[in-house]
file protein.txt (compact mmCIF, N, CA and C atoms)
# COMPACT_ATOMS: atom_id res chain seq x y z
N MET A 1 2.76 -14.88 4.46
CA MET A 1 2.01 -13.67 4.32
C MET A 1 3.00 -12.51 4.18
N SER A 2 2.61 -11.54 3.40
CA SER A 2 3.47 -10.39 3.16
C SER A 2 2.61 -9.14 3.07
N PHE A 3 3.13 -8.04 3.57
CA PHE A 3 2.50 -6.74 3.41
C PHE A 3 3.45 -5.89 2.61
N ASP A 4 2.97 -5.33 1.52
CA ASP A 4 3.79 -4.47 0.69
C ASP A 4 3.14 -3.09 0.62
N PRO A 5 3.93 -2.02 0.70
CA PRO A 5 3.36 -0.67 0.66
C PRO A 5 2.73 -0.35 -0.69
N TYR A 6 1.65 0.43 -0.63
CA TYR A 6 0.97 0.93 -1.83
C TYR A 6 0.80 2.42 -1.64
N ILE A 7 1.44 3.21 -2.49
CA ILE A 7 1.42 4.66 -2.37
C ILE A 7 0.47 5.24 -3.40
N HIS A 8 -0.28 6.26 -3.00
CA HIS A 8 -1.16 6.98 -3.93
C HIS A 8 -0.59 8.37 -4.16
N PHE A 9 -0.45 8.72 -5.42
CA PHE A 9 0.11 10.02 -5.80
C PHE A 9 -0.97 10.89 -6.43
N GLN A 10 -0.66 12.17 -6.52
CA GLN A 10 -1.59 13.14 -7.09
C GLN A 10 -1.09 13.62 -8.45
N GLY A 11 -0.83 12.64 -9.34
CA GLY A 11 -0.47 12.98 -10.71
C GLY A 11 0.99 12.79 -11.07
N ASN A 12 1.83 12.42 -10.09
CA ASN A 12 3.26 12.27 -10.40
C ASN A 12 3.78 10.86 -10.09
N CYS A 13 2.90 9.87 -10.15
CA CYS A 13 3.28 8.50 -9.84
C CYS A 13 4.39 7.99 -10.75
N ARG A 14 4.23 8.16 -12.05
CA ARG A 14 5.23 7.63 -13.00
C ARG A 14 6.62 8.21 -12.70
N THR A 15 6.69 9.52 -12.50
CA THR A 15 7.97 10.17 -12.21
C THR A 15 8.56 9.65 -10.91
N ALA A 16 7.72 9.52 -9.88
CA ALA A 16 8.19 9.04 -8.58
C ALA A 16 8.70 7.61 -8.67
N MET A 17 7.93 6.73 -9.31
CA MET A 17 8.34 5.33 -9.37
C MET A 17 9.59 5.15 -10.22
N GLU A 18 9.74 5.93 -11.28
CA GLU A 18 10.98 5.87 -12.07
C GLU A 18 12.16 6.36 -11.23
N ALA A 19 11.95 7.36 -10.40
CA ALA A 19 13.01 7.85 -9.51
C ALA A 19 13.37 6.77 -8.48
N TYR A 20 12.37 6.09 -7.92
CA TYR A 20 12.64 5.04 -6.94
C TYR A 20 13.39 3.88 -7.59
N GLN A 21 13.07 3.59 -8.85
CA GLN A 21 13.81 2.55 -9.55
C GLN A 21 15.28 2.96 -9.70
N GLN A 22 15.54 4.23 -9.95
CA GLN A 22 16.93 4.72 -10.05
C GLN A 22 17.65 4.59 -8.72
N VAL A 23 16.94 4.83 -7.61
CA VAL A 23 17.55 4.76 -6.28
C VAL A 23 17.82 3.32 -5.87
N PHE A 24 16.80 2.45 -6.02
CA PHE A 24 16.86 1.10 -5.46
C PHE A 24 17.16 0.01 -6.47
N GLY A 25 17.00 0.30 -7.77
CA GLY A 25 17.12 -0.76 -8.78
C GLY A 25 15.79 -1.48 -8.91
N GLY A 26 15.82 -2.68 -9.42
CA GLY A 26 14.61 -3.49 -9.53
C GLY A 26 13.94 -3.36 -10.88
N GLU A 27 12.82 -4.07 -11.00
CA GLU A 27 12.04 -4.11 -12.24
C GLU A 27 10.76 -3.33 -12.03
N LEU A 28 10.49 -2.36 -12.91
CA LEU A 28 9.32 -1.50 -12.79
C LEU A 28 8.32 -1.82 -13.89
N GLU A 29 7.07 -2.02 -13.49
CA GLU A 29 5.96 -2.18 -14.43
C GLU A 29 4.96 -1.06 -14.17
N VAL A 30 4.48 -0.43 -15.24
CA VAL A 30 3.56 0.69 -15.11
C VAL A 30 2.40 0.49 -16.08
N MET A 31 1.18 0.66 -15.58
CA MET A 31 -0.02 0.60 -16.42
C MET A 31 -0.83 1.87 -16.19
N GLY A 32 -1.11 2.59 -17.26
CA GLY A 32 -1.90 3.81 -17.15
C GLY A 32 -3.38 3.52 -17.20
N TYR A 33 -4.17 4.49 -16.76
CA TYR A 33 -5.63 4.35 -16.86
C TYR A 33 -6.05 4.13 -18.31
N GLY A 34 -5.34 4.76 -19.24
CA GLY A 34 -5.65 4.60 -20.66
C GLY A 34 -5.32 3.23 -21.21
N ASP A 35 -4.53 2.43 -20.48
CA ASP A 35 -4.16 1.08 -20.92
C ASP A 35 -5.20 0.03 -20.55
N MET A 36 -6.20 0.42 -19.79
CA MET A 36 -7.23 -0.55 -19.38
C MET A 36 -7.97 -1.06 -20.61
N PRO A 37 -8.28 -2.37 -20.63
CA PRO A 37 -9.14 -2.86 -21.70
C PRO A 37 -10.50 -2.16 -21.62
N ASP A 38 -11.01 -1.75 -22.73
CA ASP A 38 -12.30 -1.07 -22.80
C ASP A 38 -12.36 0.17 -21.91
N ALA A 39 -11.26 0.91 -21.84
CA ALA A 39 -11.23 2.14 -21.04
C ALA A 39 -12.26 3.13 -21.56
N PRO A 40 -13.03 3.74 -20.67
CA PRO A 40 -13.98 4.76 -21.12
C PRO A 40 -13.22 5.96 -21.70
N PRO A 41 -13.88 6.75 -22.55
CA PRO A 41 -13.19 7.86 -23.22
C PRO A 41 -12.47 8.81 -22.26
N GLU A 42 -13.04 9.08 -21.10
CA GLU A 42 -12.39 10.02 -20.17
C GLU A 42 -11.10 9.47 -19.57
N LEU A 43 -10.93 8.15 -19.63
CA LEU A 43 -9.69 7.55 -19.12
C LEU A 43 -8.68 7.26 -20.21
N ARG A 44 -9.16 7.04 -21.46
CA ARG A 44 -8.27 6.70 -22.56
C ARG A 44 -7.16 7.72 -22.77
N ALA A 45 -7.48 8.99 -22.59
CA ALA A 45 -6.51 10.05 -22.86
C ALA A 45 -5.70 10.43 -21.62
N SER A 46 -5.97 9.78 -20.51
CA SER A 46 -5.30 10.16 -19.27
C SER A 46 -3.85 9.68 -19.23
N PRO A 47 -2.92 10.56 -18.82
CA PRO A 47 -1.53 10.15 -18.64
C PRO A 47 -1.27 9.55 -17.25
N LEU A 48 -2.31 9.50 -16.41
CA LEU A 48 -2.14 9.05 -15.03
C LEU A 48 -1.93 7.54 -14.94
N VAL A 49 -1.27 7.12 -13.86
CA VAL A 49 -0.94 5.71 -13.64
C VAL A 49 -2.05 5.04 -12.83
N MET A 50 -2.58 3.94 -13.37
CA MET A 50 -3.60 3.16 -12.68
C MET A 50 -2.95 2.21 -11.68
N HIS A 51 -1.81 1.63 -12.04
CA HIS A 51 -1.10 0.71 -11.15
C HIS A 51 0.35 0.58 -11.61
N SER A 52 1.24 0.55 -10.63
CA SER A 52 2.65 0.30 -10.92
C SER A 52 3.23 -0.56 -9.82
N THR A 53 4.25 -1.33 -10.18
CA THR A 53 4.94 -2.19 -9.21
C THR A 53 6.44 -2.12 -9.47
N LEU A 54 7.18 -1.85 -8.41
CA LEU A 54 8.64 -1.93 -8.45
C LEU A 54 9.02 -3.16 -7.64
N ARG A 55 9.57 -4.18 -8.32
CA ARG A 55 9.95 -5.44 -7.68
C ARG A 55 11.46 -5.48 -7.47
N LEU A 56 11.83 -5.86 -6.23
CA LEU A 56 13.24 -5.94 -5.90
C LEU A 56 13.41 -6.88 -4.72
N GLY A 57 14.20 -7.93 -4.91
CA GLY A 57 14.51 -8.83 -3.81
C GLY A 57 13.33 -9.51 -3.17
N GLY A 58 12.35 -9.90 -3.95
CA GLY A 58 11.19 -10.59 -3.40
C GLY A 58 10.16 -9.68 -2.76
N ARG A 59 10.36 -8.38 -2.81
CA ARG A 59 9.42 -7.42 -2.25
C ARG A 59 8.90 -6.52 -3.36
N SER A 60 7.81 -5.85 -3.07
CA SER A 60 7.21 -4.95 -4.05
C SER A 60 6.85 -3.62 -3.41
N LEU A 61 7.07 -2.55 -4.14
CA LEU A 61 6.55 -1.24 -3.81
C LEU A 61 5.56 -0.92 -4.91
N MET A 62 4.31 -0.74 -4.53
CA MET A 62 3.27 -0.50 -5.53
C MET A 62 2.72 0.91 -5.37
N ALA A 63 2.18 1.45 -6.47
CA ALA A 63 1.67 2.82 -6.43
C ALA A 63 0.75 3.09 -7.59
N SER A 64 -0.03 4.15 -7.45
CA SER A 64 -0.88 4.65 -8.52
C SER A 64 -1.14 6.12 -8.29
N ASP A 65 -1.65 6.78 -9.32
CA ASP A 65 -2.21 8.11 -9.15
C ASP A 65 -3.67 7.95 -8.74
N PHE A 66 -4.20 8.94 -8.04
CA PHE A 66 -5.64 8.93 -7.82
C PHE A 66 -6.30 9.00 -9.19
N PRO A 67 -7.49 8.42 -9.34
CA PRO A 67 -8.14 8.43 -10.65
C PRO A 67 -8.36 9.86 -11.16
N PRO A 68 -8.42 10.01 -12.48
CA PRO A 68 -8.68 11.33 -13.05
C PRO A 68 -9.92 11.95 -12.42
N GLY A 69 -9.79 13.21 -12.05
CA GLY A 69 -10.90 13.93 -11.44
C GLY A 69 -11.00 13.78 -9.93
N GLU A 70 -10.20 12.88 -9.35
CA GLU A 70 -10.18 12.68 -7.90
C GLU A 70 -8.92 13.33 -7.35
N GLY A 71 -9.08 14.24 -6.41
CA GLY A 71 -7.93 14.92 -5.83
C GLY A 71 -7.15 14.03 -4.89
N GLY A 72 -7.85 13.29 -4.03
CA GLY A 72 -7.19 12.43 -3.06
C GLY A 72 -6.43 13.22 -2.02
N ASP A 73 -6.16 12.58 -0.90
CA ASP A 73 -5.38 13.20 0.17
C ASP A 73 -3.90 12.99 -0.07
N PRO A 74 -3.08 14.01 0.20
CA PRO A 74 -1.64 13.81 0.08
C PRO A 74 -1.15 12.83 1.15
N GLN A 75 -0.02 12.22 0.88
CA GLN A 75 0.57 11.28 1.83
C GLN A 75 0.94 12.03 3.11
N ALA A 76 0.73 11.38 4.26
CA ALA A 76 1.06 12.08 5.48
C ALA A 76 1.51 11.16 6.61
N ALA A 77 0.73 10.18 6.98
CA ALA A 77 0.95 9.48 8.24
C ALA A 77 1.61 8.11 8.11
N VAL A 78 2.21 7.80 6.99
CA VAL A 78 2.85 6.50 6.81
C VAL A 78 4.27 6.72 6.30
N SER A 79 5.20 5.93 6.82
CA SER A 79 6.58 5.96 6.33
C SER A 79 6.94 4.59 5.78
N ILE A 80 7.76 4.57 4.75
CA ILE A 80 8.29 3.32 4.22
C ILE A 80 9.67 3.12 4.83
N SER A 81 9.87 1.97 5.45
CA SER A 81 11.13 1.66 6.11
C SER A 81 12.01 0.85 5.15
N HIS A 82 13.27 1.28 5.02
CA HIS A 82 14.22 0.57 4.16
C HIS A 82 15.51 0.37 4.92
N GLU A 83 15.92 -0.88 5.10
CA GLU A 83 17.23 -1.16 5.68
C GLU A 83 18.18 -1.53 4.56
N ALA A 84 19.19 -0.70 4.40
CA ALA A 84 20.20 -0.95 3.37
C ALA A 84 21.18 -2.00 3.87
N GLY A 85 21.97 -2.54 2.97
CA GLY A 85 22.92 -3.58 3.34
C GLY A 85 24.14 -3.07 4.10
N THR A 86 24.47 -1.80 3.89
CA THR A 86 25.64 -1.22 4.55
C THR A 86 25.32 0.22 4.96
N ASP A 87 26.14 0.76 5.85
CA ASP A 87 25.99 2.16 6.23
C ASP A 87 26.20 3.07 5.02
N ALA A 88 27.18 2.77 4.20
CA ALA A 88 27.46 3.60 3.02
C ALA A 88 26.26 3.61 2.07
N GLU A 89 25.64 2.45 1.87
CA GLU A 89 24.47 2.39 0.99
C GLU A 89 23.30 3.15 1.61
N ALA A 90 23.10 3.03 2.90
CA ALA A 90 22.01 3.76 3.58
C ALA A 90 22.23 5.26 3.44
N ARG A 91 23.47 5.72 3.61
CA ARG A 91 23.77 7.15 3.46
C ARG A 91 23.48 7.62 2.04
N ARG A 92 23.83 6.80 1.04
CA ARG A 92 23.57 7.17 -0.36
C ARG A 92 22.07 7.29 -0.62
N VAL A 93 21.30 6.28 -0.19
CA VAL A 93 19.85 6.30 -0.40
C VAL A 93 19.23 7.50 0.30
N PHE A 94 19.63 7.74 1.54
CA PHE A 94 19.09 8.88 2.29
C PHE A 94 19.37 10.19 1.55
N ALA A 95 20.59 10.37 1.08
CA ALA A 95 20.95 11.61 0.40
C ALA A 95 20.15 11.80 -0.88
N VAL A 96 19.96 10.74 -1.65
CA VAL A 96 19.19 10.86 -2.90
C VAL A 96 17.74 11.20 -2.58
N LEU A 97 17.14 10.53 -1.60
CA LEU A 97 15.75 10.81 -1.25
C LEU A 97 15.58 12.21 -0.65
N ALA A 98 16.60 12.70 0.04
CA ALA A 98 16.52 14.03 0.66
C ALA A 98 16.67 15.15 -0.37
N ASP A 99 17.28 14.85 -1.51
CA ASP A 99 17.50 15.87 -2.54
C ASP A 99 16.15 16.38 -3.04
N GLY A 100 15.85 17.63 -2.78
CA GLY A 100 14.57 18.22 -3.18
C GLY A 100 13.46 17.95 -2.19
N GLY A 101 13.75 17.20 -1.15
CA GLY A 101 12.75 16.88 -0.13
C GLY A 101 13.05 17.62 1.16
N ALA A 102 12.65 17.01 2.28
CA ALA A 102 12.86 17.63 3.59
C ALA A 102 13.34 16.57 4.57
N VAL A 103 14.45 16.83 5.23
CA VAL A 103 14.96 15.92 6.25
C VAL A 103 14.10 16.09 7.50
N VAL A 104 13.54 14.98 7.97
CA VAL A 104 12.75 14.97 9.19
C VAL A 104 13.66 14.72 10.39
N MET A 105 14.56 13.74 10.25
CA MET A 105 15.57 13.43 11.26
C MET A 105 16.86 13.15 10.51
N PRO A 106 17.92 13.90 10.78
CA PRO A 106 19.18 13.68 10.05
C PRO A 106 19.68 12.25 10.21
N TYR A 107 20.35 11.77 9.17
CA TYR A 107 20.94 10.44 9.21
C TYR A 107 22.11 10.46 10.18
N GLN A 108 22.10 9.53 11.14
CA GLN A 108 23.14 9.50 12.17
C GLN A 108 23.16 8.15 12.88
N PRO A 109 24.24 7.83 13.57
CA PRO A 109 24.26 6.61 14.38
C PRO A 109 23.23 6.71 15.50
N THR A 110 22.64 5.57 15.85
CA THR A 110 21.67 5.51 16.94
C THR A 110 22.01 4.31 17.83
N PHE A 111 21.25 4.15 18.90
CA PHE A 111 21.46 3.01 19.78
C PHE A 111 20.99 1.70 19.16
N PHE A 112 20.24 1.76 18.05
CA PHE A 112 19.69 0.56 17.43
C PHE A 112 20.19 0.32 16.01
N SER A 113 21.02 1.22 15.49
CA SER A 113 21.48 1.08 14.11
C SER A 113 22.79 1.86 13.93
N ASP A 114 23.63 1.37 13.02
CA ASP A 114 24.84 2.12 12.69
C ASP A 114 24.50 3.47 12.08
N GLY A 115 23.32 3.58 11.50
CA GLY A 115 22.84 4.83 10.94
C GLY A 115 21.35 4.76 10.70
N PHE A 116 20.66 5.86 10.98
CA PHE A 116 19.22 5.92 10.80
C PHE A 116 18.84 7.38 10.54
N GLY A 117 17.90 7.58 9.62
CA GLY A 117 17.38 8.92 9.36
C GLY A 117 15.99 8.84 8.75
N MET A 118 15.27 9.95 8.87
CA MET A 118 13.92 10.04 8.32
C MET A 118 13.85 11.22 7.37
N VAL A 119 13.19 11.01 6.23
CA VAL A 119 13.13 12.04 5.21
C VAL A 119 11.78 11.98 4.49
N LYS A 120 11.30 13.14 4.07
CA LYS A 120 10.13 13.23 3.19
C LYS A 120 10.69 13.63 1.83
N ASP A 121 10.52 12.75 0.83
CA ASP A 121 11.13 13.04 -0.48
C ASP A 121 10.32 14.07 -1.25
N LYS A 122 10.82 14.46 -2.41
CA LYS A 122 10.19 15.51 -3.21
C LYS A 122 8.81 15.12 -3.74
N PHE A 123 8.46 13.83 -3.64
CA PHE A 123 7.15 13.37 -4.08
C PHE A 123 6.15 13.31 -2.92
N GLY A 124 6.63 13.60 -1.70
CA GLY A 124 5.76 13.57 -0.53
C GLY A 124 5.78 12.26 0.23
N THR A 125 6.61 11.31 -0.20
CA THR A 125 6.69 10.01 0.48
C THR A 125 7.66 10.12 1.65
N HIS A 126 7.22 9.59 2.80
CA HIS A 126 8.05 9.58 4.00
C HIS A 126 8.84 8.28 4.05
N TRP A 127 10.13 8.38 4.35
CA TRP A 127 11.03 7.23 4.40
C TRP A 127 11.76 7.18 5.73
N MET A 128 11.99 5.98 6.24
CA MET A 128 12.90 5.72 7.35
C MET A 128 14.02 4.85 6.80
N ILE A 129 15.22 5.38 6.73
CA ILE A 129 16.35 4.67 6.13
C ILE A 129 17.30 4.26 7.26
N SER A 130 17.68 3.00 7.25
CA SER A 130 18.59 2.53 8.30
C SER A 130 19.67 1.63 7.72
N ALA A 131 20.74 1.52 8.48
CA ALA A 131 21.85 0.61 8.19
C ALA A 131 21.77 -0.54 9.21
N PRO A 132 22.42 -1.65 8.93
CA PRO A 132 22.44 -2.73 9.91
C PRO A 132 23.11 -2.28 11.21
N TRP A 133 22.81 -2.96 12.30
CA TRP A 133 23.37 -2.63 13.60
C TRP A 133 24.55 -3.55 13.88
N HIS A 134 25.66 -2.96 14.19
CA HIS A 134 26.87 -3.68 14.60
C HIS A 134 27.24 -3.18 15.99
N PRO A 135 26.74 -3.84 17.05
CA PRO A 135 27.01 -3.35 18.40
C PRO A 135 28.50 -3.36 18.72
N PRO A 136 28.92 -2.39 19.55
CA PRO A 136 30.33 -2.35 19.92
C PRO A 136 30.72 -3.63 20.66
N ALA A 137 31.94 -4.05 20.44
CA ALA A 137 32.42 -5.29 21.07
C ALA A 137 32.73 -5.08 22.53
call {"tool": "encode", "arguments": {"input": "protein.txt", "output": "structure tokens"}}
result
Amino acid sequence: MSFDPYIHFQGNCRTAMEAYQQVFGGELEVMGYGDMPDAPPELRASPLVMHSTLRLGGRSLMASDFPPGEGGDPQAAVSISHEAGTDAEARRVFAVLADGGAVVMPYQPTFFSDGFGMVKDKFGTHWMISAPWHPPA
């Protein structure tokens, strides 16, 4: 069994998912509302994303825009947790996600990780970025 995050955006899903692909790598698939078979006229012209998947290392980050005409609630109470392979990689990811966003908790060593920080990126997604833990000898 697996649980994979699904993020809902308010019109900037494609831009956000392309940015996440730049940060993390992986394979990105995007389908717009206008790409649906037999899409009704109001959806055919829509630039909004109906479904997208970023696949990396056996995991998926999925997302869509709210349907045309639906405002939807902005992201608020969920964070996506990412453990990088090294402290240096975690610092890089944190810095890229923080660019244009807001640092919630600065990236720093903790009692449970060589480095951990929390950030809300410029798309409104909350992230918890950590490095592996190497306890002192």
call {"tool": "select_by_dssp", "arguments": {"input": "protein.txt", "residues": "chain A", "states": "strand (DSSP E or B)", "output": "PyMOL selection string"}}
result
chain A and resi 6-9+27-32+49-56+59-65+79-83+102-108+116-120+126-130
call {"tool": "residues_around", "arguments": {"input": "protein.txt", "residues": "region 57-59 of chain A", "least_positions_apart": "3", "cutoff": "8 Å", "atoms": "all atoms listed in the file", "output": "number ranges by chain"}}
result
A: 3-5, 25-27, 53-54, 62
call {"tool": "atom_distance", "arguments": {"input": "protein.txt", "atom1": "CA of Gly100 (chain A)", "atom2": "CA of Lys120 (chain A)"}}
result
9.2 Å
call {"tool": "closest_atom_pairs", "arguments": {"input": "protein.txt", "of": "region 98-124 of chain A", "to": "region 66-88 of chain A", "cutoff": "7 Å", "atoms": "only C-alpha atoms", "output": "JSON lines"}}
result
{"residue": "A:Asp114", "atom": "CA", "partner": "A:Asp87", "partner_atom": "CA", "distance": 6.6}
{"residue": "A:Gly115", "atom": "CA", "partner": "A:Asp87", "partner_atom": "CA", "distance": 6.3}
{"residue": "A:Gly124", "atom": "CA", "partner": "A:Gln75", "partner_atom": "CA", "distance": 6.1}
call {"tool": "atom_distance", "arguments": {"input": "protein.txt", "atom1": "atom C of Met36 (chain A)", "atom2": "CA of Leu48 (chain A)"}}
result
12.9 Å
call {"tool": "residues_near_point", "arguments": {"input": "protein.txt", "point": "(16.4, 15.4, 12.0)", "cutoff": "9 Å", "atoms": "only C-alpha atoms", "output": "NGL selection string"}}
result
:A and (103-108 or 117-119)
call {"tool": "select_by_dssp", "arguments": {"input": "protein.txt", "residues": "region 14-109 of chain A", "states": "alpha helix (DSSP H)", "output": "PyMOL selection string"}}
result
chain A and resi 14-24+41-44+87-98
call {"tool": "write_last_selection", "arguments": {"input": "protein.txt", "atoms": "N, CA and C atoms", "output": "PDB file, in the coordinates of the input"}}
result
ATOM      1  N   ARG A  14       4.230   8.160 -12.050  1.00  0.00           N
ATOM      2  CA  ARG A  14       5.230   7.630 -13.000  1.00  0.00           C
ATOM      3  C   ARG A  14       6.620   8.210 -12.700  1.00  0.00           C
ATOM      4  N   THR A  15       6.690   9.520 -12.500  1.00  0.00           N
ATOM      5  CA  THR A  15       7.970  10.170 -12.210  1.00  0.00           C
ATOM      6  C   THR A  15       8.560   9.650 -10.910  1.00  0.00           C
ATOM      7  N   ALA A  16       7.720   9.520  -9.880  1.00  0.00           N
ATOM      8  CA  ALA A  16       8.190   9.040  -8.580  1.00  0.00           C
ATOM      9  C   ALA A  16       8.700   7.610  -8.670  1.00  0.00           C
ATOM     10  N   MET A  17       7.930   6.730  -9.310  1.00  0.00           N
ATOM     11  CA  MET A  17       8.340   5.330  -9.370  1.00  0.00           C
ATOM     12  C   MET A  17       9.590   5.150 -10.220  1.00  0.00           C
ATOM     13  N   GLU A  18       9.740   5.930 -11.280  1.00  0.00           N
ATOM     14  CA  GLU A  18      10.980   5.870 -12.070  1.00  0.00           C
ATOM     15  C   GLU A  18      12.160   6.360 -11.230  1.00  0.00           C
ATOM     16  N   ALA A  19      11.950   7.360 -10.400  1.00  0.00           N
ATOM     17  CA  ALA A  19      13.010   7.850  -9.510  1.00  0.00           C
ATOM     18  C   ALA A  19      13.370   6.770  -8.480  1.00  0.00           C
ATOM     19  N   TYR A  20      12.370   6.090  -7.920  1.00  0.00           N
ATOM     20  CA  TYR A  20      12.640   5.040  -6.940  1.00  0.00           C
ATOM     21  C   TYR A  20      13.390   3.880  -7.590  1.00  0.00           C
ATOM     22  N   GLN A  21      13.070   3.590  -8.850  1.00  0.00           N
ATOM     23  CA  GLN A  21      13.810   2.550  -9.550  1.00  0.00           C
ATOM     24  C   GLN A  21      15.280   2.960  -9.700  1.00  0.00           C
ATOM     25  N   GLN A  22      15.540   4.230  -9.950  1.00  0.00           N
ATOM     26  CA  GLN A  22      16.930   4.720 -10.050  1.00  0.00           C
ATOM     27  C   GLN A  22      17.650   4.590  -8.720  1.00  0.00           C
ATOM     28  N   VAL A  23      16.940   4.830  -7.610  1.00  0.00           N
ATOM     29  CA  VAL A  23      17.550   4.760  -6.280  1.00  0.00           C
ATOM     30  C   VAL A  23      17.820   3.320  -5.870  1.00  0.00           C
ATOM     31  N   PHE A  24      16.800   2.450  -6.020  1.00  0.00           N
ATOM     32  CA  PHE A  24      16.860   1.100  -5.460  1.00  0.00           C
ATOM     33  C   PHE A  24      17.160   0.010  -6.470  1.00  0.00           C
ATOM     34  N   PRO A  41     -13.880   6.750 -22.550  1.00  0.00           N
ATOM     35  CA  PRO A  41     -13.190   7.860 -23.220  1.00  0.00           C
ATOM     36  C   PRO A  41     -12.470   8.810 -22.260  1.00  0.00           C
ATOM     37  N   GLU A  42     -13.040   9.080 -21.100  1.00  0.00           N
ATOM     38  CA  GLU A  42     -12.390  10.020 -20.170  1.00  0.00           C
ATOM     39  C   GLU A  42     -11.100   9.470 -19.570  1.00  0.00           C
ATOM     40  N   LEU A  43     -10.930   8.150 -19.630  1.00  0.00           N
ATOM     41  CA  LEU A  43      -9.690   7.550 -19.120  1.00  0.00           C
ATOM     42  C   LEU A  43      -8.680   7.260 -20.210  1.00  0.00           C
ATOM     43  N   ARG A  44      -9.160   7.040 -21.460  1.00  0.00           N
ATOM     44  CA  ARG A  44      -8.270   6.700 -22.560  1.00  0.00           C
ATOM     45  C   ARG A  44      -7.160   7.720 -22.770  1.00  0.00           C
ATOM     46  N   ASP A  87      26.140   0.760   5.850  1.00  0.00           N
ATOM     47  CA  ASP A  87      25.990   2.160   6.230  1.00  0.00           C
ATOM     48  C   ASP A  87      26.200   3.070   5.020  1.00  0.00           C
ATOM     49  N   ALA A  88      27.180   2.770   4.200  1.00  0.00           N
ATOM     50  CA  ALA A  88      27.460   3.600   3.020  1.00  0.00           C
ATOM     51  C   ALA A  88      26.260   3.610   2.070  1.00  0.00           C
ATOM     52  N   GLU A  89      25.640   2.450   1.870  1.00  0.00           N
ATOM     53  CA  GLU A  89      24.470   2.390   0.990  1.00  0.00           C
ATOM     54  C   GLU A  89      23.300   3.150   1.610  1.00  0.00           C
ATOM     55  N   ALA A  90      23.100   3.030   2.900  1.00  0.00           N
ATOM     56  CA  ALA A  90      22.010   3.760   3.580  1.00  0.00           C
ATOM     57  C   ALA A  90      22.230   5.260   3.440  1.00  0.00           C
ATOM     58  N   ARG A  91      23.470   5.720   3.610  1.00  0.00           N
ATOM     59  CA  ARG A  91      23.770   7.150   3.460  1.00  0.00           C
ATOM     60  C   ARG A  91      23.480   7.620   2.040  1.00  0.00           C
ATOM     61  N   ARG A  92      23.830   6.800   1.040  1.00  0.00           N
ATOM     62  CA  ARG A  92      23.570   7.170  -0.360  1.00  0.00           C
ATOM     63  C   ARG A  92      22.070   7.290  -0.620  1.00  0.00           C
ATOM     64  N   VAL A  93      21.300   6.280  -0.190  1.00  0.00           N
ATOM     65  CA  VAL A  93      19.850   6.300  -0.400  1.00  0.00           C
ATOM     66  C   VAL A  93      19.230   7.500   0.300  1.00  0.00           C
ATOM     67  N   PHE A  94      19.630   7.740   1.540  1.00  0.00           N
ATOM     68  CA  PHE A  94      19.090   8.880   2.290  1.00  0.00           C
ATOM     69  C   PHE A  94      19.370  10.190   1.550  1.00  0.00           C
ATOM     70  N   ALA A  95      20.590  10.370   1.080  1.00  0.00           N
ATOM     71  CA  ALA A  95      20.950  11.610   0.400  1.00  0.00           C
ATOM     72  C   ALA A  95      20.150  11.800  -0.880  1.00  0.00           C
ATOM     73  N   VAL A  96      19.960  10.740  -1.650  1.00  0.00           N
ATOM     74  CA  VAL A  96      19.190  10.860  -2.900  1.00  0.00           C
ATOM     75  C   VAL A  96      17.740  11.200  -2.580  1.00  0.00           C
ATOM     76  N   LEU A  97      17.140  10.530  -1.600  1.00  0.00           N
ATOM     77  CA  LEU A  97      15.750  10.810  -1.250  1.00  0.00           C
ATOM     78  C   LEU A  97      15.580  12.210  -0.650  1.00  0.00           C
ATOM     79  N   ALA A  98      16.600  12.700   0.040  1.00  0.00           N
ATOM     80  CA  ALA A  98      16.520  14.030   0.660  1.00  0.00           C
ATOM     81  C   ALA A  98      16.670  15.150  -0.370  1.00  0.00           C
TER      82      ALA A  98
END
call {"tool": "atom_distance", "arguments": {"input": "protein.txt", "atom1": "atom C of Ser60 (chain A)", "atom2": "atom C of Glu42 (chain A)"}}
result
27.5 Å
call {"tool": "residues_around", "arguments": {"input": "protein.txt", "residues": "Leu28 (chain A)", "least_positions_apart": "5", "cutoff": "8 Å", "atoms": "only N, CA and C atoms", "output": "ChimeraX atom specification"}}
result
/A:17-18,21,52-56
call {"tool": "write_last_selection", "arguments": {"input": "protein.txt", "atoms": "N, CA and C atoms", "output": "tab-separated table (two decimals), in the frame of the given file"}}
result
chain	number	residue	atom	x	y	z
A	17	MET	N	7.93	6.73	-9.31
A	17	MET	CA	8.34	5.33	-9.37
A	17	MET	C	9.59	5.15	-10.22
A	18	GLU	N	9.74	5.93	-11.28
A	18	GLU	CA	10.98	5.87	-12.07
A	18	GLU	C	12.16	6.36	-11.23
A	21	GLN	N	13.07	3.59	-8.85
A	21	GLN	CA	13.81	2.55	-9.55
A	21	GLN	C	15.28	2.96	-9.70
A	52	SER	N	1.24	0.55	-10.63
A	52	SER	CA	2.65	0.30	-10.92
A	52	SER	C	3.23	-0.56	-9.82
A	53	THR	N	4.25	-1.33	-10.18
A	53	THR	CA	4.94	-2.19	-9.21
A	53	THR	C	6.44	-2.12	-9.47
A	54	LEU	N	7.18	-1.85	-8.41
A	54	LEU	CA	8.64	-1.93	-8.45
A	54	LEU	C	9.02	-3.16	-7.64
A	55	ARG	N	9.57	-4.18	-8.32
A	55	ARG	CA	9.95	-5.44	-7.68
A	55	ARG	C	11.46	-5.48	-7.47
A	56	LEU	N	11.83	-5.86	-6.23
A	56	LEU	CA	13.24	-5.94	-5.90
A	56	LEU	C	13.41	-6.88	-4.72
